[in-house]
Amino acid sequence: MAFDVSRRFLMAGGLAASTMTSLAACATTSAETQGAFPASTTPDPYLLGPKEGVALLSRNENPYGPSKSALKMVEYAASKGAYYTSQEAVQTLMQLIADKHGVAPEQIVLTTGSGEVLSAIAMIYGKEGPIVAPRLFWDTTALYAVNQGVGSIDRVPLAADMSVDLAAIEAKVSSDTGIVQLCNPNNPTGMVSDAATLKASVKRMAAKTTVLVDEAYMELADDPEGNTCIGLINEGHDVIVTRTFSKIFGMAGLRMGYSISSAETAEKIRGVVMSWSPCTSYAAAIGAYQDEAFIDYSKKKIVEAREMVNMTIDTLGLERLPSQTNFVYFKSGKEANDVQKAMSAKLISVRGQYMDYNEWTRVSMGKIEDVERFCKALPEVVSA
């Protein structure tokens, strides 16, 4: 099948030269771990990023970050010999977050990425009863508690359109439930739940048990303010919302996340978290949090890349889900692990299979030139 991605479309809006320094996370994808990519001719001796020439589209971090403002703060912290995090830096960041969301600083818990606080929450509430959650969600932190022998996950099937079935989840909730865990927008589907439906359902469930809403990708949604559940907390509902600096802020390698809840719940969570982020993480977060220009630029480039992927998938007549994140979940008609392998042969890294969703592939938004490579490779991969 002949297929050409319009260069005019790919270049729409102009490709500004990147002025940001990218810090890639040190973890590797399964394809990289298994040696699917050939050795680089100029290897990175410190293993701080993908091998040279690899289009890294398997992780959901912002490839344009960290921002200059974040990196300047990291340099400043290092120049001050700030080996440990000062309480003043902690309070500054908590106040910035509190002011933005209309909450009090004592309602915020700062941790080493949102994974730390999500794991702590799972350990606290998992022992009180099952974690009720959609069948497909970012379950790593809930599984952490399960693997420690604390609780279990009661997975509720997705709706026919792959959205989170809130009515079915609500029907599962009782006073014996440990916690309800939702991810909005969801990962790996990328879908946002209808705001009115979600908030009404969360209120009803919170009358019976604590409801956790993981909003790692909320800044990437079309209407973050309209979709967030943070407002329910100050209304007095038993709700916890988690956020991260790993996504829109591009700080996955610097590790900073947080939760917002009632002050009482926040104090409970603080008693379980296991570590403090280093001073450089707080410094970077303080710099990045107020950098609206970087946030706007990043979101525009991510949306531009997502539209390229959507157009490619639609032109091929494949099924995809309506994403409001920096990744797209689509049904290729082939085994997801086979798609991953075929892409890796072209030095393109995408995610493999989730659970038994064997024909669904998740592709994340990298830099425009990397996404362009994926769009050109996809027709050959799915028709092979």
# chains A, B, ... in the order shown; residues from 1 in each chain; ligands from 1
>>> residues_around(residues="A:Val213", least_positions_apart="5", cutoff="10 Å", atoms="only C-alpha atoms", output="VMD selection string")
chain A and resid 118 180 to 186 202 228 to 230 239 to 243 259
>>> write_last_selection(atoms="C-alpha atoms", output="tab-separated table (two decimals), in the first residue's frame")
chain	number	residue	atom	x	y	z
A	118	LEU	CA	0.55	6.31	44.68
A	180	VAL	CA	-11.31	3.28	44.38
A	181	GLN	CA	-8.49	4.09	41.96
A	182	LEU	CA	-9.15	5.92	38.71
A	183	CYS	CA	-6.76	7.37	36.13
A	184	ASN	CA	-8.08	10.40	34.26
A	185	PRO	CA	-7.04	10.74	31.47
A	186	ASN	CA	-6.56	7.00	31.53
A	202	VAL	CA	-16.86	10.15	42.50
A	228	THR	CA	-9.98	17.88	37.40
A	229	CYS	CA	-11.47	16.44	40.58
A	230	ILE	CA	-9.42	18.73	42.86
A	239	VAL	CA	-10.99	12.27	47.45
A	240	ILE	CA	-7.25	12.18	46.71
A	241	VAL	CA	-5.82	13.61	43.49
A	242	THR	CA	-2.26	12.89	42.37
A	243	ARG	CA	-0.17	14.83	39.85
A	259	SER	CA	-0.99	14.46	46.06
>>> residues_around(residues="A:Ala342", least_positions_apart="2", cutoff="10 Å", atoms="only C-alpha atoms", output="PDB file with N, CA and C atoms, in the first residue's frame")
ATOM      1  N   ALA A  36      17.045  -5.378  20.858  1.00  0.00           N
ATOM      2  CA  ALA A  36      16.415  -5.304  19.544  1.00  0.00           C
ATOM      3  C   ALA A  36      17.053  -4.242  18.672  1.00  0.00           C
ATOM      4  N   ALA A 336       0.419  -6.890  19.143  1.00  0.00           N
ATOM      5  CA  ALA A 336       1.137  -5.692  19.586  1.00  0.00           C
ATOM      6  C   ALA A 336       2.627  -5.948  19.728  1.00  0.00           C
ATOM      7  N   ASN A 337       2.990  -7.116  20.221  1.00  0.00           N
ATOM      8  CA  ASN A 337       4.415  -7.415  20.376  1.00  0.00           C
ATOM      9  C   ASN A 337       5.107  -7.570  19.024  1.00  0.00           C
ATOM     10  N   ASP A 338       4.353  -8.030  18.009  1.00  0.00           N
ATOM     11  CA  ASP A 338       4.920  -8.111  16.659  1.00  0.00           C
ATOM     12  C   ASP A 338       5.120  -6.712  16.077  1.00  0.00           C
ATOM     13  N   VAL A 339       4.171  -5.810  16.357  1.00  0.00           N
ATOM     14  CA  VAL A 339       4.316  -4.424  15.911  1.00  0.00           C
ATOM     15  C   VAL A 339       5.536  -3.799  16.574  1.00  0.00           C
ATOM     16  N   GLN A 340       5.682  -4.036  17.865  1.00  0.00           N
ATOM     17  CA  GLN A 340       6.844  -3.510  18.586  1.00  0.00           C
ATOM     18  C   GLN A 340       8.144  -4.019  17.972  1.00  0.00           C
ATOM     19  N   SER A 344      10.965  -1.809  16.085  1.00  0.00           N
ATOM     20  CA  SER A 344      12.318  -1.755  16.633  1.00  0.00           C
ATOM     21  C   SER A 344      13.357  -2.043  15.552  1.00  0.00           C
ATOM     22  N   ALA A 345      12.990  -2.858  14.554  1.00  0.00           N
ATOM     23  CA  ALA A 345      13.894  -3.115  13.438  1.00  0.00           C
ATOM     24  C   ALA A 345      14.154  -1.851  12.632  1.00  0.00           C
ATOM     25  N   LYS A 346      13.232  -0.895  12.743  1.00  0.00           N
ATOM     26  CA  LYS A 346      13.376   0.397  12.073  1.00  0.00           C
ATOM     27  C   LYS A 346      13.885   1.474  13.040  1.00  0.00           C
ATOM     28  N   LEU A 347      14.369   1.028  14.198  1.00  0.00           N
ATOM     29  CA  LEU A 347      14.888   1.918  15.242  1.00  0.00           C
ATOM     30  C   LEU A 347      13.805   2.855  15.777  1.00  0.00           C
ATOM     31  N   ILE A 348      12.595   2.318  15.912  1.00  0.00           N
ATOM     32  CA  ILE A 348      11.473   3.061  16.488  1.00  0.00           C
ATOM     33  C   ILE A 348      10.948   2.251  17.666  1.00  0.00           C
ATOM     34  N   SER A 349      10.897   2.862  18.829  1.00  0.00           N
ATOM     35  CA  SER A 349      10.486   2.166  20.042  1.00  0.00           C
ATOM     36  C   SER A 349       9.047   2.525  20.405  1.00  0.00           C
ATOM     37  N   VAL A 350       8.148   1.524  20.404  1.00  0.00           N
ATOM     38  CA  VAL A 350       6.768   1.700  20.859  1.00  0.00           C
ATOM     39  C   VAL A 350       6.491   0.655  21.933  1.00  0.00           C
ATOM     40  N   ALA A 377       6.594   4.671   8.831  1.00  0.00           N
ATOM     41  CA  ALA A 377       6.835   3.239   8.982  1.00  0.00           C
ATOM     42  C   ALA A 377       5.556   2.435   9.199  1.00  0.00           C
ATOM     43  N   LEU A 378       4.534   3.034   9.786  1.00  0.00           N
ATOM     44  CA  LEU A 378       3.340   2.298  10.177  1.00  0.00           C
ATOM     45  C   LEU A 378       2.660   1.580   9.005  1.00  0.00           C
ATOM     46  N   GLU A 380       3.819   0.222   6.334  1.00  0.00           N
ATOM     47  CA  GLU A 380       4.570  -0.991   5.996  1.00  0.00           C
ATOM     48  C   GLU A 380       4.435  -2.040   7.092  1.00  0.00           C
ATOM     49  N   VAL A 381       4.480  -1.604   8.342  1.00  0.00           N
ATOM     50  CA  VAL A 381       4.421  -2.548   9.460  1.00  0.00           C
ATOM     51  C   VAL A 381       3.068  -3.259   9.505  1.00  0.00           C
ATOM     52  N   VAL A 382       1.973  -2.503   9.341  1.00  0.00           N
ATOM     53  CA  VAL A 382       0.649  -3.124   9.476  1.00  0.00           C
ATOM     54  C   VAL A 382       0.250  -3.928   8.239  1.00  0.00           C
ATOM     55  N   ALA A 384       2.551  -5.686   6.415  1.00  0.00           N
ATOM     56  CA  ALA A 384       3.544  -6.744   6.169  1.00  0.00           C
ATOM     57  C   ALA A 384       2.915  -8.123   6.410  1.00  0.00           C
TER      58      ALA A 384
END
>>> residues_around(residues="A:Gly129", least_positions_apart="6", cutoff="9 Å", atoms="only C-alpha atoms", output="CSV table (one decimal) with N, CA and C atoms, in the first residue's frame")
chain,number,residue,atom,x,y,z
A,151,GLY,N,-3.5,-6.4,50.3
A,151,GLY,CA,-4.7,-6.2,49.6
A,151,GLY,C,-4.7,-6.8,48.2
A,152,SER,N,-5.7,-6.4,47.4
A,152,SER,CA,-5.9,-7.0,46.1
A,152,SER,C,-6.5,-6.0,45.2
A,176,ASP,N,-16.8,-1.8,52.5
A,176,ASP,CA,-15.7,-2.8,52.6
A,176,ASP,C,-14.6,-2.5,51.6
A,177,THR,N,-14.8,-1.6,50.7
A,177,THR,CA,-13.8,-1.3,49.7
A,177,THR,C,-12.7,-0.5,50.3
A,178,GLY,N,-11.4,-0.9,50.0
A,178,GLY,CA,-10.3,-0.2,50.5
A,178,GLY,C,-10.2,1.2,49.9
A,179,ILE,N,-10.2,1.3,48.6
A,179,ILE,CA,-10.1,2.5,47.9
A,179,ILE,C,-10.5,2.3,46.5
>>> residues_around(residues="stretch 265-269 of chain A", least_positions_apart="4", cutoff="9 Å", atoms="only C-alpha atoms", output="mmCIF file with C-alpha atoms, in the first residue's frame")
data_model
loop_
_atom_site.group_PDB
_atom_site.id
_atom_site.type_symbol
_atom_site.label_atom_id
_atom_site.label_comp_id
_atom_site.auth_asym_id
_atom_site.auth_seq_id
_atom_site.Cartn_x
_atom_site.Cartn_y
_atom_site.Cartn_z
ATOM 1 C CA GLU A 106 -0.884 21.245 54.401
ATOM 2 C CA GLN A 107 -3.166 19.414 51.961
ATOM 3 C CA ILE A 108 -0.208 18.630 49.695
ATOM 4 C CA VAL A 109 2.276 15.760 49.955
ATOM 5 C CA VAL A 117 2.741 8.732 46.638
ATOM 6 C CA ALA A 120 2.072 4.848 49.654
ATOM 7 C CA ILE A 121 -1.673 5.253 49.142
ATOM 8 C CA ILE A 124 -2.398 2.454 53.351
ATOM 9 C CA ASP A 238 -13.100 11.876 50.584
ATOM 10 C CA ILE A 240 -7.254 12.183 46.712
ATOM 11 C CA SER A 259 -0.988 14.462 46.064
ATOM 12 C CA ILE A 260 -3.784 16.805 47.106
ATOM 13 C CA SER A 261 -6.308 15.676 49.694
ATOM 14 C CA VAL A 273 6.170 7.677 52.036
#
>>> residues_around(residues="A:Ala171", least_positions_apart="5", cutoff="10 Å", atoms="only C-alpha atoms", output="PyMOL selection string")
chain A and resi 156+166+205
>>> residues_around(residues="stretch 55-69 of chain A", least_positions_apart="4", cutoff="6 Å", atoms="only C-alpha atoms", output="PyMOL selection string")
chain A and resi 20+22+247-248+250-251+287-288+348-351+363-366+370
>>> closest_residue(among="A:Ile97, A:Phe330, A:Ile153, A:Ile302", to="A:Ile131", atoms="only C-alpha atoms")
A:Ile153
